[in-house]
Amino acid sequence: MTAVKKSGVLFASNNDTNDTNHLPIPVFENSPTFKMALRQLHSVAEHINIDSGVLERLSRPKRSMVVSVPVRMDNGRTEVFAGYRVQHSLTSGPAKGGLRFHPSVDLGEVAALAMWMSWKCGIMNLPFGGAKGGIACDPSKMSMAEKEGVTRRFTSEVLSIIGPHSDVMAPDLGTDEQTMAWIYDTYSMSIGYACPEVVTGKPVELGGCHGRREATGRGVVYCIREALHELNLKPTESTAVVQGFGNVGTVVCQELSALNVRVIAVGDRSGAVRNPRGIEIHALNRHVNIEGKPLKDFPDAEAISSEELLATPCTIMVPAALERVITLKNAHQLRCRILAEGANGPTTPEADEILASSDIFVIPDILCNAGGVTVSYFEWVQDLQRLFWSESQVNDRLRELMGEAFQRVRKEARDRNISMRMAALSLGVQKTAHEKMRRGLYP
Ligand code: GLU
């Protein structure tokens with residue numbers, strides 16, 4: 001299979017097979033993560049009333065851009081990184097989604113994440129389509145100057161497809177407020193005036209939104225509170241296990257501790273630790289995020305393997321790291337009552353079938369981690385209006401929107417006797433599909 005370019009979009013051509021009737025296959029379809037997203041879409045399509053043409057359009061991204069990002073490294077050598085920006089849909093408004101820096105980033109993964117962003121914005125009724133970007137690099141091994149170089153050059157390479165009304169980036173894995181400040185500056189310099197509304201998740205002093213950094217983790221915990229209530233469980237009698245101690249995982253641990261939920265095990269790339277009496281989250285935060293020490297060396301807890309982490313009995317399990325970590329191999333080992341998916345795509349469809357036949361209450365990713373993009377929406381609106389909200393306004397509105405979305409998904413699941421994931425996907429897909437139908441096909 002060879003890659004060909006059609007009007008700026010990269011496709012894999014199946015010329016090799018001489019099958020001229022066959023549609024070109026976008027290269028991302030070779031990716032396991034994209035296949036997973038597509039499989040979810042098609043299984044939802046069996047349960048909802050969706051036009052076949054619209055389904056075909058939603059099965060592939062609207063626009064994908066692949067760029068080379070050359071950067072002068074501190075040692076004087078030039079390194080070229082692969083960068084991607086995929087816009088799954090532009091139907092409901094600007095494309096919206098994060099930019100991640102991670103060594104394993106590829107076009108298929110970014111395309112899957114972009115599709116999930118569309119469904120996420122759909123569930124939350126946000127006026128955005130889904131997008132995602134990524135650069136295949138390891139930010140933990142790069143200096144500030146190198147990260148700035150990568151960010152600024154990537155921004156200038158994708159300049160023609162981003163903008164406050166076409167595609168608005170935000171932080172994701174391996175990127176943060178500083179990354180957004182560089183994108184904001186690069187974009188503004190190129191157009192000649194300050195345009196804070198081109199990115200969200202910026203520093204507050206540059207037009208960022210109070211509470212944006214904490215928003216994804218807070219949203220996860222608002223959903224957990226709804227689920228505990230639904231299951232008649234008390235936070236004070238509940239325990240939690242959190243996989244991931246980055247932006248989302250750290251805030252989830254802090255917010256759960258504030259509710260007096262006992263966080264008994266936490267893991268990250270370095271390994272995992274467990275303490276049945278409860279881990280002191282302040283101390284763990286200082287150890288990992290301030291002193292920069294490996295999480296697995298945290299004193300006052302027993303070091304365990306990543307497999308043991310997921311198998312630890314608890315009330316609430318929160319995967320808050322990478323996609324596809326709960327698989328056919330380990331799904332039957334989960335011993336939790338609630339699975340709150342802080343990460344995007346942590347559960348494979350095969351594992352999902354196992355969960356569906358268990359009594360685990362799943363809060364699916366596109367609902368559970370939607371707090372981040374929701375507060376991004378608040379930030380974008382504030383920047384467009386140059387009118388700013390207080391942190392309590394942001395948090396109150398976030399809690400309200402997350403609570404309403406949770407109840408909409410719960411009702412759909414109950415009314416149609418389907419899983420929470422299927423209900424969330426149905427609502428997200430139907431919102432986008434409906435708008436596509438009403439707008440019609442151009443020209
Ligand atoms: N990267 C986050 C996500 O996956 C936030 C996206 C945004 O705020 O646009 O939902």
# chains A, B, ... in the order shown; residues from 1 in each chain; ligands from 1
call {"tool": "residues_around", "arguments": {"residues": "Ile366 in chain A", "least_positions_apart": "3", "cutoff": "9 Å", "atoms": "only C-alpha atoms", "output": "PyMOL selection string"}}
result
chain A and resi 116-117+119-121+123+341-342+344-345+363+369-370+421+424-425+428
call {"tool": "write_last_selection", "arguments": {"atoms": "N, CA, C and O atoms", "output": "CSV table (one decimal), in the first residue's frame"}}
result
chain,number,residue,atom,x,y,z
A,116,TRP,N,-13.2,10.9,18.8
A,116,TRP,CA,-13.7,10.8,20.1
A,116,TRP,C,-14.0,12.3,20.6
A,116,TRP,O,-15.0,12.5,21.3
A,117,MET,N,-13.2,13.2,20.2
A,117,MET,CA,-13.5,14.6,20.6
A,117,MET,C,-14.9,15.1,20.0
A,117,MET,O,-15.6,15.8,20.6
A,119,TRP,N,-17.5,13.2,19.5
A,119,TRP,CA,-18.6,12.6,20.3
A,119,TRP,C,-18.7,13.3,21.6
A,119,TRP,O,-19.8,13.6,22.2
A,120,LYS,N,-17.5,13.7,22.2
A,120,LYS,CA,-17.4,14.3,23.5
A,120,LYS,C,-18.1,15.7,23.4
A,120,LYS,O,-18.9,16.1,24.3
A,121,CYS,N,-17.8,16.5,22.4
A,121,CYS,CA,-18.4,17.8,22.3
A,121,CYS,C,-19.9,17.6,22.0
A,121,CYS,O,-20.7,18.5,22.5
A,123,ILE,N,-21.9,15.2,23.2
A,123,ILE,CA,-22.6,14.8,24.5
A,123,ILE,C,-22.8,16.1,25.3
A,123,ILE,O,-23.8,16.3,26.0
A,341,GLU,N,-13.4,6.5,33.5
A,341,GLU,CA,-12.4,6.6,32.5
A,341,GLU,C,-11.9,8.1,32.3
A,341,GLU,O,-12.4,8.8,31.5
A,342,GLY,N,-10.9,8.4,33.0
A,342,GLY,CA,-10.3,9.7,32.9
A,342,GLY,C,-9.5,9.9,31.7
A,342,GLY,O,-9.4,11.0,31.1
A,344,ASN,N,-8.5,9.0,27.6
A,344,ASN,CA,-9.3,8.8,26.3
A,344,ASN,C,-9.0,7.3,25.9
A,344,ASN,O,-7.9,6.9,25.7
A,345,GLY,N,-10.1,6.6,25.6
A,345,GLY,CA,-10.0,5.2,25.0
A,345,GLY,C,-9.2,4.2,25.9
A,345,GLY,O,-8.5,3.4,25.3
A,363,ILE,N,-18.2,4.7,33.7
A,363,ILE,CA,-18.5,6.1,33.3
A,363,ILE,C,-17.5,6.3,32.0
A,363,ILE,O,-16.3,6.4,32.2
A,369,ASN,N,-14.3,12.4,31.0
A,369,ASN,CA,-13.2,13.4,30.9
A,369,ASN,C,-13.6,14.6,30.1
A,369,ASN,O,-12.7,15.4,29.7
A,370,ALA,N,-14.9,14.8,29.9
A,370,ALA,CA,-15.3,16.0,29.1
A,370,ALA,C,-15.2,17.3,29.8
A,370,ALA,O,-15.4,18.4,29.2
A,421,ARG,N,-21.6,3.2,27.9
A,421,ARG,CA,-20.8,3.6,26.8
A,421,ARG,C,-21.6,3.7,25.5
A,421,ARG,O,-21.5,4.7,24.8
A,424,ALA,N,-23.6,6.9,25.7
A,424,ALA,CA,-22.8,8.1,25.5
A,424,ALA,C,-22.5,8.3,24.1
A,424,ALA,O,-22.6,9.3,23.5
A,425,LEU,N,-22.0,7.2,23.5
A,425,LEU,CA,-21.7,7.2,22.0
A,425,LEU,C,-22.9,7.6,21.2
A,425,LEU,O,-22.8,8.4,20.3
A,428,GLY,N,-23.6,11.3,21.4
A,428,GLY,CA,-22.6,12.1,20.8
A,428,GLY,C,-22.6,12.0,19.3
A,428,GLY,O,-22.6,13.0,18.5
call {"tool": "residues_near_ligand", "arguments": {"ligand": "ligand 1", "cutoff": "6 Å", "atoms": "only C-alpha atoms and all ligand atoms", "output": "ChimeraX atom specification"}}
result
/A:96-98,169-172,370,372-373,376
call {"tool": "write_last_selection", "arguments": {"atoms": "N, CA, C and O atoms", "output": "compact mmCIF listing (two decimals), in the first residue's frame"}}
result
# COMPACT_ATOMS: atom_id res chain seq x y z
N LYS A 96 -12.06 21.23 17.66
CA LYS A 96 -11.53 21.51 19.01
C LYS A 96 -10.88 20.26 19.56
O LYS A 96 -11.45 19.17 19.50
N GLY A 97 -9.68 20.43 20.12
CA GLY A 97 -9.04 19.28 20.75
C GLY A 97 -7.59 19.55 21.07
O GLY A 97 -7.00 20.53 20.59
N GLY A 98 -7.03 18.67 21.87
CA GLY A 98 -5.70 18.88 22.40
C GLY A 98 -4.58 18.60 21.40
O GLY A 98 -4.79 18.12 20.29
N MET A 169 -6.67 24.69 19.47
CA MET A 169 -5.92 23.66 20.20
C MET A 169 -6.00 23.86 21.71
O MET A 169 -6.36 24.94 22.18
N ALA A 170 -5.58 22.83 22.45
CA ALA A 170 -5.58 22.86 23.93
C ALA A 170 -4.51 21.88 24.40
O ALA A 170 -4.00 21.09 23.61
N PRO A 171 -4.18 21.89 25.69
CA PRO A 171 -3.18 20.92 26.17
C PRO A 171 -3.72 19.49 26.15
O PRO A 171 -4.93 19.27 26.19
N ASP A 172 -2.83 18.55 26.11
CA ASP A 172 -3.14 17.12 26.20
C ASP A 172 -1.90 16.49 26.83
O ASP A 172 -1.06 17.20 27.40
N ALA A 370 -14.86 14.83 29.92
CA ALA A 370 -15.30 15.98 29.11
C ALA A 370 -15.17 17.32 29.83
O ALA A 370 -15.42 18.37 29.23
N GLY A 372 -12.55 18.92 30.69
CA GLY A 372 -11.47 19.73 30.11
C GLY A 372 -11.97 20.55 28.93
O GLY A 372 -11.82 21.78 28.91
N VAL A 373 -12.61 19.89 27.99
CA VAL A 373 -13.06 20.63 26.80
C VAL A 373 -14.23 21.56 27.16
O VAL A 373 -14.42 22.60 26.54
N SER A 376 -12.62 24.53 28.38
CA SER A 376 -12.02 25.15 27.20
C SER A 376 -13.06 25.99 26.46
O SER A 376 -12.76 27.08 25.96
call {"tool": "closest_residue", "arguments": {"among": "A:Leu173, A:Val263, A:Leu233, A:Val199", "to": "Ala320 in chain A", "atoms": "only C-alpha atoms"}}
result
A:Leu173
call {"tool": "residues_around", "arguments": {"residues": "Pro196 in chain A", "least_positions_apart": "5", "cutoff": "9 Å", "atoms": "only C-alpha atoms", "output": "list in words"}}
result
Pro164, Ala181, Tyr184, Asp185, Ser188, Lys202, Leu206, Gly207, Gly208, Trp380, Asp383 and Leu384 of chain A
call {"tool": "write_last_selection", "arguments": {"atoms": "all heavy atoms", "output": "compact mmCIF listing (two decimals), in the first residue's frame"}}
result
# COMPACT_ATOMS: atom_id res chain seq x y z
N PRO A 164 -9.20 30.79 15.43
CA PRO A 164 -10.25 30.80 16.46
C PRO A 164 -11.61 30.35 15.96
O PRO A 164 -12.45 29.96 16.75
CB PRO A 164 -10.29 32.27 16.90
CG PRO A 164 -9.66 33.03 15.81
CD PRO A 164 -8.66 32.13 15.17
N ALA A 181 0.84 28.99 25.41
CA ALA A 181 1.30 30.38 25.31
C ALA A 181 2.16 30.56 24.06
O ALA A 181 2.04 31.56 23.35
CB ALA A 181 2.08 30.75 26.57
N TYR A 184 -0.14 30.50 20.99
CA TYR A 184 -0.85 31.79 20.96
C TYR A 184 0.07 32.87 20.40
O TYR A 184 -0.31 33.64 19.50
CB TYR A 184 -1.30 32.09 22.40
CG TYR A 184 -1.69 33.51 22.73
CD1 TYR A 184 -2.31 34.34 21.80
CD2 TYR A 184 -1.46 34.02 24.02
CE1 TYR A 184 -2.67 35.64 22.14
CE2 TYR A 184 -1.82 35.31 24.36
CZ TYR A 184 -2.42 36.13 23.41
OH TYR A 184 -2.77 37.40 23.75
N ASP A 185 1.31 32.91 20.88
CA ASP A 185 2.24 33.94 20.42
C ASP A 185 2.60 33.76 18.94
O ASP A 185 2.58 34.71 18.16
CB ASP A 185 3.52 33.91 21.27
CG ASP A 185 4.45 35.05 20.89
OD1 ASP A 185 4.05 36.22 21.07
OD2 ASP A 185 5.55 34.79 20.35
N SER A 188 -0.38 34.73 16.82
CA SER A 188 -0.64 36.17 16.88
C SER A 188 0.41 36.95 16.09
O SER A 188 0.10 37.92 15.40
CB SER A 188 -0.66 36.65 18.33
OG SER A 188 -1.68 35.99 19.03
N LYS A 202 -4.52 28.24 28.21
CA LYS A 202 -3.38 29.18 28.31
C LYS A 202 -3.18 29.57 29.77
O LYS A 202 -4.10 29.43 30.59
CB LYS A 202 -3.71 30.50 27.57
CG LYS A 202 -3.97 30.39 26.12
CD LYS A 202 -4.40 31.74 25.54
CE LYS A 202 -5.79 32.19 25.97
NZ LYS A 202 -6.89 31.38 25.50
N LEU A 206 -2.69 35.37 30.40
CA LEU A 206 -2.74 35.60 28.95
C LEU A 206 -4.15 35.40 28.39
O LEU A 206 -4.32 35.19 27.19
CB LEU A 206 -1.77 34.66 28.23
CG LEU A 206 -0.27 34.82 28.52
CD1 LEU A 206 0.54 33.85 27.66
CD2 LEU A 206 0.19 36.25 28.25
N GLY A 207 -5.15 35.40 29.27
CA GLY A 207 -6.52 35.19 28.79
C GLY A 207 -6.99 33.76 29.01
O GLY A 207 -8.02 33.35 28.47
N GLY A 208 -6.23 33.00 29.81
CA GLY A 208 -6.66 31.64 30.15
C GLY A 208 -7.80 31.70 31.14
O GLY A 208 -8.13 32.76 31.66
N TRP A 380 -12.82 29.93 25.62
CA TRP A 380 -12.96 30.47 24.26
C TRP A 380 -14.02 31.58 24.24
O TRP A 380 -13.81 32.65 23.66
CB TRP A 380 -13.34 29.30 23.34
CG TRP A 380 -13.52 29.59 21.89
CD1 TRP A 380 -12.55 29.93 20.99
CD2 TRP A 380 -14.75 29.50 21.15
NE1 TRP A 380 -13.10 30.07 19.74
CE2 TRP A 380 -14.45 29.81 19.81
CE3 TRP A 380 -16.06 29.18 21.48
CZ2 TRP A 380 -15.42 29.81 18.80
CZ3 TRP A 380 -17.03 29.18 20.49
CH2 TRP A 380 -16.71 29.50 19.17
N ASP A 383 -12.68 34.69 25.94
CA ASP A 383 -11.70 35.38 25.10
C ASP A 383 -12.37 36.13 23.96
O ASP A 383 -11.99 37.25 23.62
CB ASP A 383 -10.69 34.38 24.52
CG ASP A 383 -9.71 33.87 25.57
OD1 ASP A 383 -9.51 34.56 26.58
OD2 ASP A 383 -9.15 32.78 25.36
N LEU A 384 -13.40 35.50 23.36
CA LEU A 384 -14.10 36.18 22.26
C LEU A 384 -14.80 37.44 22.77
O LEU A 384 -14.85 38.45 22.08
CB LEU A 384 -15.15 35.24 21.63
CG LEU A 384 -14.61 34.11 20.77
CD1 LEU A 384 -15.73 33.11 20.44
CD2 LEU A 384 -14.00 34.63 19.47
call {"tool": "residues_around", "arguments": {"residues": "Glu157 in chain A", "least_positions_apart": "2", "cutoff": "12 Å", "atoms": "only C-alpha atoms", "output": "number ranges by chain"}}
result
A: 65-70, 82-85, 150-155, 159-162, 183, 186-187, 190
call {"tool": "write_last_selection", "arguments": {"atoms": "N, CA, C and O atoms", "output": "compact mmCIF listing (two decimals), in the first residue's frame"}}
result
# COMPACT_ATOMS: atom_id res chain seq x y z
N MET A 65 -3.59 16.62 8.49
CA MET A 65 -2.36 17.25 7.99
C MET A 65 -1.16 16.59 8.67
O MET A 65 -1.15 16.43 9.89
N VAL A 66 -0.19 16.21 7.85
CA VAL A 66 1.03 15.60 8.38
C VAL A 66 2.18 16.53 8.04
O VAL A 66 2.34 16.92 6.88
N VAL A 67 2.95 16.93 9.04
CA VAL A 67 4.03 17.88 8.77
C VAL A 67 5.35 17.39 9.36
O VAL A 67 5.36 16.64 10.34
N SER A 68 6.43 17.84 8.77
CA SER A 68 7.76 17.59 9.34
C SER A 68 8.13 18.83 10.14
O SER A 68 7.94 19.95 9.68
N VAL A 69 8.65 18.60 11.34
CA VAL A 69 8.96 19.72 12.23
C VAL A 69 10.46 19.73 12.53
O VAL A 69 10.92 19.06 13.46
N PRO A 70 11.22 20.47 11.73
CA PRO A 70 12.66 20.49 11.99
C PRO A 70 13.01 21.45 13.13
O PRO A 70 12.47 22.56 13.20
N ALA A 82 7.88 14.21 13.53
CA ALA A 82 6.63 14.09 12.76
C ALA A 82 5.51 14.75 13.55
O ALA A 82 5.34 14.48 14.74
N GLY A 83 4.76 15.63 12.89
CA GLY A 83 3.64 16.32 13.55
C GLY A 83 2.34 16.07 12.80
O GLY A 83 2.33 15.88 11.58
N TYR A 84 1.24 16.01 13.55
CA TYR A 84 -0.07 15.71 12.95
C TYR A 84 -1.14 16.64 13.51
O TYR A 84 -1.11 16.97 14.70
N ARG A 85 -2.07 17.03 12.67
CA ARG A 85 -3.29 17.68 13.15
C ARG A 85 -4.43 17.09 12.36
O ARG A 85 -4.42 17.11 11.11
N VAL A 150 10.00 23.14 18.91
CA VAL A 150 9.06 22.17 18.32
C VAL A 150 7.67 22.79 18.21
O VAL A 150 7.00 22.70 17.18
N THR A 151 7.25 23.45 19.29
CA THR A 151 5.88 24.00 19.33
C THR A 151 5.70 25.12 18.30
O THR A 151 4.72 25.14 17.54
N ARG A 152 6.66 26.03 18.27
CA ARG A 152 6.53 27.18 17.35
C ARG A 152 6.60 26.73 15.89
O ARG A 152 5.83 27.19 15.04
N ARG A 153 7.52 25.79 15.58
CA ARG A 153 7.63 25.37 14.19
C ARG A 153 6.40 24.57 13.76
O ARG A 153 5.88 24.73 12.65
N PHE A 154 5.90 23.71 14.68
CA PHE A 154 4.68 22.95 14.37
C PHE A 154 3.52 23.93 14.08
O PHE A 154 2.80 23.78 13.10
N THR A 155 3.40 24.95 14.96
CA THR A 155 2.31 25.92 14.78
C THR A 155 2.40 26.59 13.41
O THR A 155 1.41 26.74 12.70
N LEU A 159 -0.41 26.42 10.35
CA LEU A 159 -1.07 27.74 10.42
C LEU A 159 -2.28 27.86 9.49
O LEU A 159 -3.28 28.47 9.84
N SER A 160 -2.17 27.22 8.31
CA SER A 160 -3.25 27.42 7.33
C SER A 160 -4.55 26.74 7.74
O SER A 160 -5.61 27.03 7.17
N ILE A 161 -4.50 25.81 8.69
CA ILE A 161 -5.77 25.14 9.05
C ILE A 161 -6.24 25.45 10.47
O ILE A 161 -7.29 24.97 10.90
N ILE A 162 -5.46 26.23 11.24
CA ILE A 162 -5.92 26.56 12.59
C ILE A 162 -6.42 28.01 12.66
O ILE A 162 -6.14 28.81 11.77
N ILE A 183 1.97 28.74 21.28
CA ILE A 183 1.12 28.65 20.08
C ILE A 183 0.39 29.99 19.89
O ILE A 183 0.33 30.54 18.77
N THR A 186 2.90 32.53 18.54
CA THR A 186 3.30 32.27 17.15
C THR A 186 2.17 32.66 16.20
O THR A 186 2.38 33.32 15.18
N TYR A 187 0.94 32.26 16.55
CA TYR A 187 -0.21 32.56 15.70
C TYR A 187 -0.43 34.08 15.64
O TYR A 187 -0.61 34.66 14.56
N SER A 190 1.94 35.97 13.52
CA SER A 190 1.76 35.78 12.08
C SER A 190 0.58 36.60 11.55
O SER A 190 0.57 37.00 10.40
call {"tool": "atom_distance", "arguments": {"atom1": "CA of Phe298 in chain A", "atom2": "CA of Leu284 in chain A"}}
result
6.9 Å
call {"tool": "select_by_dssp", "arguments": {"residues": "range 185-342 of chain A", "states": "strand (DSSP E)", "output": "list in words"}}
result
Thr239, Ala240, Val241, Val242, Gln243, Arg262, Val263, Ile264, Ala265, Val266, Gly267, Asp268, Gly271, Ala272, Val273, Arg274, Glu302, Ala303, Ile304, Ile316, Met317, Val318, Pro319, Ile338, Leu339 and Ala340 of chain A
call {"tool": "write_last_selection", "arguments": {"atoms": "N, CA and C atoms", "output": "JSON list (two decimals), in the first residue's frame"}}
result
[["chain", "number", "residue", "atom", "x", "y", "z"],
["A", 239, "THR", "N", -13.10, 3.49, 48.39],
["A", 239, "THR", "CA", -11.66, 3.54, 48.13],
["A", 239, "THR", "C", -11.44, 3.76, 46.64],
["A", 240, "ALA", "N", -10.25, 4.29, 46.29],
["A", 240, "ALA", "CA", -9.99, 4.55, 44.87],
["A", 240, "ALA", "C", -8.58, 4.11, 44.49],
["A", 241, "VAL", "N", -8.45, 3.71, 43.22],
["A", 241, "VAL", "CA", -7.15, 3.39, 42.62],
["A", 241, "VAL", "C", -7.04, 4.25, 41.37],
["A", 242, "VAL", "N", -5.91, 4.94, 41.22],
["A", 242, "VAL", "CA", -5.77, 5.85, 40.10],
["A", 242, "VAL", "C", -4.53, 5.48, 39.28],
["A", 243, "GLN", "N", -4.73, 5.25, 38.00],
["A", 243, "GLN", "CA", -3.59, 4.94, 37.12],
["A", 243, "GLN", "C", -3.26, 6.20, 36.35],
["A", 262, "ARG", "N", -10.78, 7.26, 50.25],
["A", 262, "ARG", "CA", -9.41, 6.80, 50.54],
["A", 262, "ARG", "C", -8.74, 6.34, 49.23],
["A", 263, "VAL", "N", -7.68, 7.06, 48.82],
["A", 263, "VAL", "CA", -6.95, 6.65, 47.61],
["A", 263, "VAL", "C", -5.90, 5.64, 48.04],
["A", 264, "ILE", "N", -6.09, 4.36, 47.66],
["A", 264, "ILE", "CA", -5.23, 3.31, 48.22],
["A", 264, "ILE", "C", -4.10, 2.87, 47.29],
["A", 265, "ALA", "N", -4.17, 3.23, 46.02],
["A", 265, "ALA", "CA", -3.07, 2.89, 45.11],
["A", 265, "ALA", "C", -3.02, 3.87, 43.95],
["A", 266, "VAL", "N", -1.79, 4.21, 43.53],
["A", 266, "VAL", "CA", -1.60, 5.14, 42.42],
["A", 266, "VAL", "C", -0.43, 4.62, 41.58],
["A", 267, "GLY", "N", -0.54, 4.77, 40.26],
["A", 267, "GLY", "CA", 0.57, 4.32, 39.41],
["A", 267, "GLY", "C", 0.86, 5.33, 38.31],
["A", 268, "ASP", "N", 2.06, 5.25, 37.77],
["A", 268, "ASP", "CA", 2.38, 6.02, 36.56],
["A", 268, "ASP", "C", 3.40, 5.24, 35.75],
["A", 271, "GLY", "N", 5.97, 3.01, 37.65],
["A", 271, "GLY", "CA", 5.51, 1.87, 38.45],
["A", 271, "GLY", "C", 4.30, 2.29, 39.27],
["A", 272, "ALA", "N", 4.07, 1.59, 40.40],
["A", 272, "ALA", "CA", 2.88, 1.92, 41.19],
["A", 272, "ALA", "C", 3.15, 1.69, 42.67],
["A", 273, "VAL", "N", 2.34, 2.33, 43.52],
["A", 273, "VAL", "CA", 2.46, 2.15, 44.97],
["A", 273, "VAL", "C", 1.08, 1.94, 45.57],
["A", 274, "ARG", "N", 1.08, 1.20, 46.71],
["A", 274, "ARG", "CA", -0.20, 0.89, 47.36],
["A", 274, "ARG", "C", -0.07, 1.05, 48.86],
["A", 302, "GLU", "N", 3.74, 0.54, 49.64],
["A", 302, "GLU", "CA", 4.40, -0.65, 49.10],
["A", 302, "GLU", "C", 4.46, -0.53, 47.57],
["A", 303, "ALA", "N", 5.63, -0.81, 46.99],
["A", 303, "ALA", "CA", 5.74, -0.74, 45.52],
["A", 303, "ALA", "C", 5.06, -1.98, 44.92],
["A", 304, "ILE", "N", 4.22, -1.77, 43.91],
["A", 304, "ILE", "CA", 3.54, -2.90, 43.25],
["A", 304, "ILE", "C", 3.70, -2.74, 41.73],
["A", 316, "ILE", "N", -13.62, 2.59, 43.38],
["A", 316, "ILE", "CA", -13.52, 3.40, 42.16],
["A", 316, "ILE", "C", -12.16, 3.21, 41.50],
["A", 317, "MET", "N", -12.15, 2.78, 40.27],
["A", 317, "MET", "CA", -10.89, 2.65, 39.51],
["A", 317, "MET", "C", -10.87, 3.77, 38.46],
["A", 318, "VAL", "N", -9.77, 4.52, 38.43],
["A", 318, "VAL", "CA", -9.69, 5.62, 37.45],
["A", 318, "VAL", "C", -8.46, 5.45, 36.56],
["A", 319, "PRO", "N", -8.62, 4.92, 35.34],
["A", 319, "PRO", "CA", -7.49, 4.96, 34.41],
["A", 319, "PRO", "C", -7.37, 6.40, 33.90],
["A", 338, "ILE", "N", -16.93, 0.95, 40.32],
["A", 338, "ILE", "CA", -17.09, 2.02, 39.32],
["A", 338, "ILE", "C", -15.80, 2.13, 38.52],
["A", 339, "LEU", "N", -15.91, 2.17, 37.20],
["A", 339, "LEU", "CA", -14.73, 2.43, 36.36],
["A", 339, "LEU", "C", -14.93, 3.82, 35.75],
["A", 340, "ALA", "N", -14.13, 4.78, 36.22],
["A", 340, "ALA", "CA", -14.28, 6.16, 35.74],
["A", 340, "ALA", "C", -13.12, 6.45, 34.79]]
